[in-house]
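Shown here: model-v2.cif, mmCIF, C-alpha atoms.
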data_run
loop_
_atom_site.label_atom_id
_atom_site.label_comp_id
_atom_site.auth_asym_id
_atom_site.auth_seq_id
_atom_site.Cartn_x
_atom_site.Cartn_y
_atom_site.Cartn_z
CA LEU A 1 24.36 116.48 60.75
CA ALA A 2 21.47 117.54 58.55
CA ALA A 3 23.63 117.67 55.41
CA HIS A 4 25.01 114.17 56.02
CA ARG A 5 21.55 112.72 56.65
CA ALA A 6 20.06 114.37 53.58
CA PHE A 7 22.92 113.17 51.36
CA ASN A 8 22.70 109.61 52.67
CA ALA A 9 18.94 109.60 52.04
CA SER A 10 19.52 110.39 48.36
CA ALA A 11 19.63 107.85 45.54
CA THR A 12 23.42 107.99 45.14
CA ALA A 13 25.38 104.88 46.06
CA CYS A 14 28.03 106.99 47.77
CA ARG A 15 27.67 107.63 51.50
CA MET A 16 29.01 110.49 53.62
CA TYR A 17 29.69 109.85 57.30
CA PRO A 18 30.53 112.40 60.02
CA THR A 19 33.63 112.67 62.19
CA PHE A 20 33.27 113.63 65.86
CA ARG A 21 35.56 116.58 66.67
CA PRO A 22 34.97 118.02 70.15
CA ASP A 23 37.95 120.42 70.32
CA ARG A 24 35.80 123.28 71.60
CA ALA A 25 35.01 121.32 74.77
CA LEU A 26 38.65 121.70 75.86
CA ARG A 27 38.99 125.43 75.18
CA ILE A 28 38.12 126.83 78.60
CA GLY A 29 40.78 129.56 78.46
CA ASN A 30 38.15 132.02 77.18
CA PRO A 31 35.12 131.42 79.44
CA ASN A 32 32.80 133.67 77.40
CA ASP A 33 33.39 131.81 74.14
CA TRP A 34 33.32 128.45 75.90
CA ASN A 35 30.01 129.16 77.60
CA VAL A 36 28.49 130.22 74.27
CA TRP A 37 29.58 126.86 72.88
CA VAL A 38 28.12 125.04 75.92
CA ARG A 39 24.77 126.73 75.26
CA ARG A 40 24.91 125.32 71.72
CA LEU A 41 25.70 121.91 73.22
CA GLU A 42 22.64 122.23 75.44
CA GLU A 43 20.47 122.94 72.42
CA SER A 44 21.84 120.10 70.30
CA SER A 45 21.72 117.55 73.13
CA ASN A 46 18.35 118.82 74.43
CA ARG A 47 19.52 118.90 78.04
CA GLU A 48 20.61 121.48 80.61
CA VAL A 49 24.33 121.61 81.44
CA ALA A 50 24.56 122.82 85.03
CA SER A 51 27.22 120.45 86.36
CA LEU A 52 30.16 118.39 85.18
CA PRO A 53 28.03 115.17 85.02
CA ASP A 54 25.52 117.11 82.89
CA PHE A 55 28.35 118.21 80.62
CA LEU A 56 29.70 114.68 80.20
CA ASP A 57 26.20 113.30 79.60
CA ALA A 58 25.62 115.90 76.87
CA LEU A 59 28.93 115.04 75.19
CA ARG A 60 28.11 111.33 75.39
CA GLN A 61 24.71 112.01 73.84
CA ARG A 62 26.36 113.75 70.90
CA HIS A 63 28.85 110.89 70.53
CA ASP A 64 25.89 108.46 70.49
CA PHE A 65 24.14 110.61 67.89
CA PHE A 66 27.17 110.61 65.60
CA HIS A 67 27.40 106.82 65.98
CA ALA A 68 23.73 106.42 65.07
CA ASN A 69 24.42 108.43 61.91
CA GLY A 70 27.35 106.29 60.79
CA GLY A 71 30.21 108.08 62.55
CA ARG A 72 33.08 105.77 63.49
CA LEU A 73 35.95 108.30 63.76
CA SER A 74 36.84 110.96 66.29
CA ASP A 75 39.29 113.74 65.50
CA HIS A 76 41.28 116.01 67.81
CA GLY A 77 43.39 118.96 66.68
CA LEU A 78 45.83 119.65 69.53
CA THR A 79 49.16 121.38 70.00
CA ARG A 80 50.19 118.24 71.93
CA CYS A 81 48.53 115.49 73.93
CA HIS A 82 47.15 116.22 77.41
CA ALA A 83 47.99 113.58 80.00
CA THR A 84 48.09 115.22 83.46
CA PRO A 85 46.03 113.10 85.90
CA CYS A 86 42.92 114.98 87.02
CA SER A 87 40.40 113.65 89.54
CA ASP A 88 36.64 113.97 89.15
CA ARG A 89 36.64 116.44 92.05
CA GLU A 90 39.28 118.64 90.43
CA ALA A 91 37.42 118.59 87.12
CA GLN A 92 34.17 119.53 88.87
CA ILE A 93 35.79 122.54 90.54
CA ILE A 94 37.33 123.73 87.26
CA PHE A 95 34.04 123.23 85.41
CA ALA A 96 32.09 125.28 87.97
CA LYS A 97 34.70 128.05 87.87
CA VAL A 98 34.61 128.43 84.09
CA ARG A 99 30.83 127.99 83.89
CA ALA A 100 30.60 130.98 86.25
CA GLY A 101 32.72 133.00 83.82
CA ASP A 102 35.99 132.97 85.75
CA VAL A 103 39.27 132.57 83.84
CA PRO A 104 41.14 129.35 84.70
CA SER A 105 44.86 129.12 85.28
CA GLU A 106 47.11 127.39 82.75
CA THR A 107 47.38 124.45 85.14
CA GLU A 108 43.60 124.18 85.33
CA GLU A 109 43.34 124.30 81.54
CA GLU A 110 45.80 121.40 81.28
CA LEU A 111 44.01 119.38 83.96
CA PHE A 112 40.59 119.85 82.39
CA ALA A 113 41.85 119.04 78.88
CA SER A 114 43.51 115.88 80.21
CA PHE A 115 40.31 114.83 81.99
CA LEU A 116 38.25 115.25 78.83
CA MET A 117 40.74 113.56 76.50
CA LEU A 118 40.62 110.44 78.68
CA PHE A 119 36.82 110.64 78.68
CA PHE A 120 36.74 110.87 74.87
CA GLY A 121 39.18 107.96 74.61
CA ARG A 122 36.85 105.79 76.68
CA LEU A 123 33.86 106.73 74.52
CA ASP A 124 35.77 105.75 71.36
CA ALA A 125 36.90 102.45 72.87
CA GLU A 126 33.39 101.56 74.02
CA LYS A 127 32.06 101.85 70.45
CA SER A 128 35.17 100.44 68.71
CA TRP A 129 35.78 103.78 66.98
CA THR A 130 39.12 104.95 65.62
CA LYS A 131 40.62 108.04 67.25
CA GLN A 132 42.61 110.53 65.16
CA LEU A 133 45.14 112.84 66.79
CA HIS A 134 46.38 115.82 64.74
CA LEU A 135 49.28 117.15 66.79
CA GLY A 136 51.63 120.11 66.55
CA ALA A 137 49.93 122.98 64.72
CA ILE A 138 50.05 126.62 65.80
CA ARG A 139 46.46 127.72 65.29
CA ASN A 140 45.12 131.08 64.06
CA VAL A 141 48.51 132.75 63.66
CA ASN A 142 47.03 135.64 61.65
CA SER A 143 44.61 136.94 64.27
CA ARG A 144 43.09 139.65 62.03
CA ARG A 145 42.19 137.18 59.29
CA ALA A 146 41.07 134.57 61.81
CA HIS A 147 38.77 137.19 63.35
CA GLU A 148 37.30 137.98 59.92
CA ALA A 149 36.95 134.39 58.67
CA GLY A 150 36.56 132.55 61.98
CA LEU A 151 38.82 130.28 63.99
CA ASP A 152 40.54 127.31 62.35
CA THR A 153 39.96 128.56 58.80
CA GLY A 154 43.48 128.05 57.48
CA TYR A 155 45.78 130.45 59.31
CA ASP A 156 47.83 127.71 60.94
CA SER A 157 51.49 126.69 60.74
CA ILE A 158 53.98 124.12 62.06
CA GLY A 159 54.65 124.23 65.80
CA ASP A 160 57.67 122.98 67.73
CA TRP A 161 56.21 121.65 70.97
CA GLN A 162 57.81 118.71 72.77
CA GLN A 163 55.57 115.81 71.76
CA ALA A 164 57.09 112.46 72.75
CA THR A 165 56.55 112.45 76.52
CA ALA A 166 52.98 113.76 76.37
CA LEU A 167 51.98 111.37 73.56
CA GLY A 168 53.40 108.35 75.34
CA ALA A 169 51.76 109.34 78.64
CA TYR A 170 48.34 109.82 77.04
CA LEU A 171 48.38 106.50 75.22
CA ASP A 172 49.63 104.77 78.37
CA LEU A 173 46.87 106.19 80.59
CA LEU A 174 44.23 104.78 78.23
CA GLU A 175 46.11 101.49 77.87
CA GLN A 176 46.21 101.09 81.67
CA GLU A 177 42.41 101.19 81.66
CA ARG A 178 42.17 98.85 78.64
CA SER A 179 40.49 101.83 76.94
CA LEU A 180 42.99 102.64 74.19
CA PRO A 181 41.00 102.67 70.93
CA LYS A 182 42.42 102.18 67.46
CA THR A 183 44.38 105.38 66.91
CA ILE A 184 45.79 107.26 63.91
CA ILE A 185 48.40 109.91 64.73
CA TYR A 186 49.23 112.78 62.37
CA ASN A 187 52.31 114.87 63.06
CA VAL A 188 52.63 118.34 61.57
CA ASN A 189 56.36 118.75 62.22
CA PRO A 190 58.59 116.30 60.26
CA ALA A 191 61.09 116.53 63.12
CA ASP A 192 58.66 114.40 65.14
CA ASN A 193 58.53 111.49 62.65
CA TYR A 194 60.80 109.12 64.56
CA ALA A 195 59.46 110.10 67.98
CA PHE A 196 55.90 109.32 66.86
CA ALA A 197 56.87 106.09 65.12
CA THR A 198 58.67 104.71 68.16
CA ALA A 199 55.94 105.90 70.55
CA ILE A 200 53.21 103.93 68.80
CA GLY A 201 55.51 100.91 68.63
CA ASN A 202 55.08 100.57 72.41
CA PHE A 203 51.41 99.68 72.08
CA SER A 204 50.00 96.55 70.50
CA GLY A 205 47.24 96.83 67.97
CA LYS A 206 45.60 95.41 64.92
CA THR A 207 44.36 96.80 61.63
CA THR A 208 42.86 95.30 58.50
CA ILE A 209 43.62 96.20 54.88
CA ALA A 210 41.12 94.97 52.30
CA ILE A 211 41.55 94.89 48.51
CA THR A 212 38.23 94.93 46.63
CA ASP A 213 37.12 94.68 43.02
CA SER A 214 35.07 97.37 41.25
CA ALA A 215 31.89 95.94 42.78
CA GLY A 216 33.26 96.24 46.30
CA VAL A 217 33.79 92.50 46.77
CA ILE A 218 36.86 91.71 48.88
CA GLN A 219 39.52 89.92 46.85
CA GLN A 220 42.29 89.95 49.45
CA ARG A 221 42.36 90.68 53.18
CA LEU A 222 45.46 91.57 55.21
CA ASP A 223 45.13 91.40 59.00
CA VAL A 224 48.10 93.29 60.43
CA THR A 225 49.06 92.70 64.07
CA PHE A 226 51.51 95.10 65.73
CA SER A 227 53.16 93.86 68.91
CA GLY A 228 55.89 96.07 70.36
CA GLY A 229 58.89 95.92 68.03
CA ALA A 230 57.54 93.31 65.60
CA GLY A 231 54.38 91.92 64.06
CA ASN A 232 52.81 89.76 61.41
CA ILE A 233 50.47 90.04 58.44
CA ASP A 234 47.89 87.28 57.92
CA VAL A 235 46.98 87.18 54.21
CA THR A 236 43.64 85.72 53.12
CA ASP A 237 42.79 85.39 49.40
CA SER A 238 41.68 82.81 46.85
CA GLY A 239 44.85 80.83 47.51
CA GLY A 240 44.07 80.38 51.21
CA THR A 241 45.80 81.92 54.20
CA SER A 242 49.48 82.72 54.73
CA THR A 243 51.52 84.75 57.20
CA VAL A 244 54.28 87.32 56.62
CA ASN A 245 56.34 88.57 59.58
CA PHE A 246 57.82 92.06 59.84
CA THR A 247 59.90 94.41 61.96
CA PRO A 248 59.65 98.23 62.02
CA ALA A 249 62.64 98.37 59.65
CA ASN A 250 61.11 96.16 56.94
CA PHE A 251 57.39 96.72 57.45
CA LEU A 252 56.76 98.42 54.09
CA THR A 253 58.75 95.79 52.18
CA GLN A 254 56.89 92.96 53.88
CA LEU A 255 53.54 94.66 53.38
CA ASN A 256 54.17 94.88 49.64
CA THR A 257 55.28 91.24 49.66
CA ALA A 258 51.94 90.35 51.24
CA LEU A 259 50.01 92.47 48.74
CA GLY A 260 51.71 90.78 45.80
CA ALA A 261 50.05 91.66 42.50
CA SER A 262 47.01 93.13 44.27
CA GLY A 263 48.53 96.52 44.98
CA ASN A 264 51.50 98.58 46.13
CA ALA A 265 51.81 100.52 49.38
CA SER A 266 54.01 103.52 50.12
CA PHE A 267 54.49 106.24 52.73
CA SER A 268 54.00 109.87 51.78
CA SER A 269 56.36 112.55 53.06
CA GLY A 270 54.01 113.13 55.99
CA GLY A 271 54.23 109.48 57.07
CA VAL A 272 50.78 108.53 55.75
CA LEU A 273 50.39 105.00 54.39
CA SER A 274 48.66 104.82 51.01
#
Have the structure of the file written as structure tokens, please.
Amino acid sequence: LAAHRAFNASATACRMYPTFRPDRALRIGNPNDWNVWVRRLEESSNREVASLPDFLDALRQRHDFFHANGGRLSDHGLTRCHATPCSDREAQIIFAKVRAGDVPSETEEELFASFLMLFFGRLDAEKSWTKQLHLGAIRNVNSRRAHEAGLDTGYDSIGDWQQATALGAYLDLLEQERSLPKTIIYNVNPADNYAFATAIGNFSGKTTIAITDSAGVIQQRLDVTFSGGAGNIDVTDSGGTSTVNFTPANFLTQLNTALGASGNASFSSGGVLS
């Protein structure tokens, strides 16, 4: 994070904060590449990674380091969520196998990815971070160009994986532990819009929208509470506090009612609120 730290030490009023994206930790399908990445993790965390507890400690150390440098967001680029229960013992066996350079089975890849995604969810919840899930892309489709430019450099396209069951299962596993952090979900395939919208409606949550003036002083605050199929918006401004109720069908209309003259909200074609 040298670039972030140097920029934030400058005289500019703008600040640049990092996002924690540990996708490489899950990619055990190619043991050689994964072990090269683990060696980099050892260097950056300043600790040896000889066992699964060592590995988790090193990842936690990096998460702590990002937090100390202003990071409050994690980001995962996945084909779909991973939510197959995996015990500590199973994860230890898979870790040792791949660390030794042996290729895991597809089942072992899924188990290990599921184990780590729950671990990362707990880390985010502990620090009140927001988790971002980018789901549904086919990565590195043009293998020749990806080999020349490096992985994840733009040669991706829309995938058509089944998303709903895996997404719901992942969120539910974290919710069962009371470890579901604030979460933003991005779908690549528009066909998944309704599946994603109804999936997140099963989990309660809160978010805050603040309207500021040019000096950054809050002029209006909207505390939005989602609870299953309904919710409410508590509006705080110079006129006091009021409440606007909403359902999934009229959320945008009610949000704009709450905003009043302060602003106007809309959804982009990708389902992003702006």
Neighbour list for segment 81-86 of chain A as JSON, numbers by chain, cut-off 8 Å, only C-alpha atoms, skip fewer than 3 positions in-chain:
{"A": [78, 90, 91, 110, 111, 112, 113, 114, 115, 117, 135, 163, 166, 167, 169, 170, 173]}
Fewer than 2 positions away in the same chain doesn't count, so skip those; otherwise give me all residues within 12 Å of Phe120 of chain A, counting all atoms listed in the file, as number ranges by chain.
A: 20-23, 25-26, 56-57, 59-60, 62-64, 73-76, 82, 113-118, 122-127, 129-133, 170, 174, 179-181
Expanded to explicit residues, what is the PyMOL selection byres ((chain A and resi 98) around 9) for this file, as a ChimeraX atom specification?
/A:28-32,34-35,93-97,99-104
List the neighbours of Ile209 of chain A out to 10 Å using all atoms listed in the file; skip same-chain residues closer than 2 positions along the sequence, and give me the result as a ChimeraX atom specification.
/A:207,211-212,220-224,233,235,259
Just to confirm, what's the straight-line distance from atom CA of Arg39 of chain A to atom CA of Asn142 of chain A in Å (one decimal)?
27.6 Å
Can you give me, as a list in words, the residues this file yields under the PyMOL selection byres ((chain A and resi 1-14) around 9)?
Arg15, Met16, Tyr17, Pro18, Phe66 and Asn69 of chain A
Filtering to C-alpha atoms, could you give me those residues as a compact mmCIF listing (two decimals), in the coordinates of the input?
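The resulting out-v1.txt:
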# COMPACT_ATOMS: atom_id res chain seq x y z
CA ARG A 15 27.67 107.63 51.50
CA MET A 16 29.01 110.49 53.62
CA TYR A 17 29.69 109.85 57.30
CA PRO A 18 30.53 112.40 60.02
CA PHE A 66 27.17 110.61 65.60
CA ASN A 69 24.42 108.43 61.91
List every protein, DNA or RNA residue with an atom no more than 10 Å from (58.1, 119.4, 71.3) in the file's coordinates, counting all atoms listed in the file, and format the result as a ChimeraX atom specification.
/A:79-80,136,159-166,189,191-192,195
Point-to-point distance in Å for atom CA of Ile138 of chain A and atom CA of Gly77 of chain A:
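Distance reported for this atom pair: 10.2 Å.
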Local residues around (44.6, 98.4, 63.7), at most 8 Å away, using all atoms listed in the file, as a ChimeraX atom specification:
/A:182-183,205-208,224-226
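With distances restricted to all atoms listed in the file, A:Thr19 is the closest residue to His67 of chain A from A:Thr19, A:Val36, A:Ala199, A:His134.
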Rounded to one decimal in Å, what is the spacing between atom CA of Pro53 of chain A and atom CA of Arg89 of chain A?
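So the two atoms, atom CA of Pro53 of chain A and atom CA of Arg89 of chain A, lie 11.2 Å apart.
If only C-alpha atoms are the atoms counted, then among A:Val49, A:Ala58, A:Ala265, A:Ile185 the closest residue to Thr253 of chain A is A:Ala265.
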For each of A:Thr198, A:Gln61, A:Gln176, A:Gln219, take the minimum atom-to-atom distance to Ala249 of chain A, counting only C-alpha atoms, then give the residue where this is smallest.
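Comparing A:Thr198, A:Gln61, A:Gln176, A:Gln219 against Ala249 of chain A, the winner is A:Thr198.
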N, CA, C and O atoms are needed for segment 30-56 of chain A; please write them out as a short mmCIF file (atom, residue, chain, number, x, y, z; two decimals), in the frame of the given file.
data_model
loop_
_atom_site.label_atom_id
_atom_site.label_comp_id
_atom_site.auth_asym_id
_atom_site.auth_seq_id
_atom_site.Cartn_x
_atom_site.Cartn_y
_atom_site.Cartn_z
N ASN A 30 39.03 130.86 77.38
CA ASN A 30 38.15 132.02 77.18
C ASN A 30 36.75 131.62 77.63
O ASN A 30 35.98 131.04 76.86
N PRO A 31 36.40 131.87 78.90
CA PRO A 31 35.12 131.42 79.44
C PRO A 31 33.91 131.91 78.65
O PRO A 31 32.92 131.18 78.52
N ASN A 32 33.95 133.16 78.14
CA ASN A 32 32.80 133.67 77.40
C ASN A 32 32.53 132.84 76.16
O ASN A 32 31.40 132.40 75.92
N ASP A 33 33.57 132.62 75.36
CA ASP A 33 33.39 131.81 74.14
C ASP A 33 33.00 130.38 74.48
O ASP A 33 32.15 129.78 73.81
N TRP A 34 33.61 129.83 75.52
CA TRP A 34 33.32 128.45 75.90
C TRP A 34 31.87 128.29 76.35
O TRP A 34 31.19 127.34 76.00
N ASN A 35 31.39 129.24 77.12
CA ASN A 35 30.01 129.16 77.60
C ASN A 35 29.00 129.34 76.47
O ASN A 35 27.91 128.74 76.50
N VAL A 36 29.35 130.13 75.46
CA VAL A 36 28.49 130.22 74.27
C VAL A 36 28.42 128.86 73.59
O VAL A 36 27.34 128.41 73.17
N TRP A 37 29.56 128.19 73.49
CA TRP A 37 29.58 126.86 72.88
C TRP A 37 28.78 125.86 73.72
O TRP A 37 28.07 125.01 73.17
N VAL A 38 28.87 125.95 75.05
CA VAL A 38 28.12 125.04 75.92
C VAL A 38 26.62 125.25 75.73
O VAL A 38 25.85 124.27 75.74
N ARG A 39 26.20 126.49 75.52
CA ARG A 39 24.77 126.73 75.26
C ARG A 39 24.34 126.04 73.96
O ARG A 39 23.22 125.51 73.86
N ARG A 40 25.21 126.04 72.97
CA ARG A 40 24.91 125.32 71.72
C ARG A 40 24.85 123.81 71.98
O ARG A 40 24.01 123.11 71.40
N LEU A 41 25.73 123.33 72.85
CA LEU A 41 25.70 121.91 73.22
C LEU A 41 24.39 121.57 73.91
O LEU A 41 23.81 120.50 73.66
N GLU A 42 23.92 122.45 74.78
CA GLU A 42 22.64 122.23 75.44
C GLU A 42 21.51 122.10 74.43
O GLU A 42 20.65 121.21 74.54
N GLU A 43 21.53 122.97 73.43
CA GLU A 43 20.47 122.94 72.42
C GLU A 43 20.53 121.66 71.59
O GLU A 43 19.50 121.03 71.33
N SER A 44 21.72 121.27 71.17
CA SER A 44 21.84 120.10 70.30
C SER A 44 21.59 118.80 71.05
O SER A 44 21.10 117.82 70.47
N SER A 45 21.93 118.77 72.34
CA SER A 45 21.72 117.55 73.13
C SER A 45 20.36 117.54 73.83
O SER A 45 19.96 116.51 74.40
N ASN A 46 19.68 118.69 73.81
CA ASN A 46 18.35 118.82 74.43
C ASN A 46 18.40 118.53 75.93
O ASN A 46 17.56 117.81 76.47
N ARG A 47 19.42 119.08 76.60
CA ARG A 47 19.52 118.90 78.04
C ARG A 47 20.28 120.07 78.65
O ARG A 47 21.12 120.69 78.01
N GLU A 48 19.94 120.39 79.90
CA GLU A 48 20.61 121.48 80.61
C GLU A 48 21.98 121.01 81.08
O GLU A 48 22.15 119.88 81.54
N VAL A 49 22.98 121.91 80.98
CA VAL A 49 24.33 121.61 81.44
C VAL A 49 24.64 122.53 82.62
O VAL A 49 25.10 123.65 82.44
N ALA A 50 24.34 122.03 83.83
CA ALA A 50 24.56 122.82 85.03
C ALA A 50 25.69 122.28 85.89
O ALA A 50 26.11 122.94 86.84
N SER A 51 26.17 121.09 85.57
CA SER A 51 27.22 120.45 86.36
C SER A 51 28.13 119.66 85.44
O SER A 51 27.80 119.43 84.26
N LEU A 52 29.26 119.20 85.99
CA LEU A 52 30.16 118.39 85.18
C LEU A 52 29.49 117.10 84.70
O LEU A 52 29.63 116.75 83.52
N PRO A 53 28.74 116.36 85.55
CA PRO A 53 28.03 115.17 85.02
C PRO A 53 27.07 115.51 83.88
O PRO A 53 26.96 114.74 82.92
N ASP A 54 26.39 116.68 83.99
CA ASP A 54 25.52 117.11 82.89
C ASP A 54 26.32 117.30 81.61
O ASP A 54 25.89 116.90 80.52
N PHE A 55 27.48 117.93 81.76
CA PHE A 55 28.35 118.21 80.62
C PHE A 55 28.80 116.92 79.94
O PHE A 55 28.72 116.77 78.72
N LEU A 56 29.24 115.96 80.75
CA LEU A 56 29.70 114.68 80.20
C LEU A 56 28.55 113.91 79.56
O LEU A 56 28.72 113.27 78.51
#
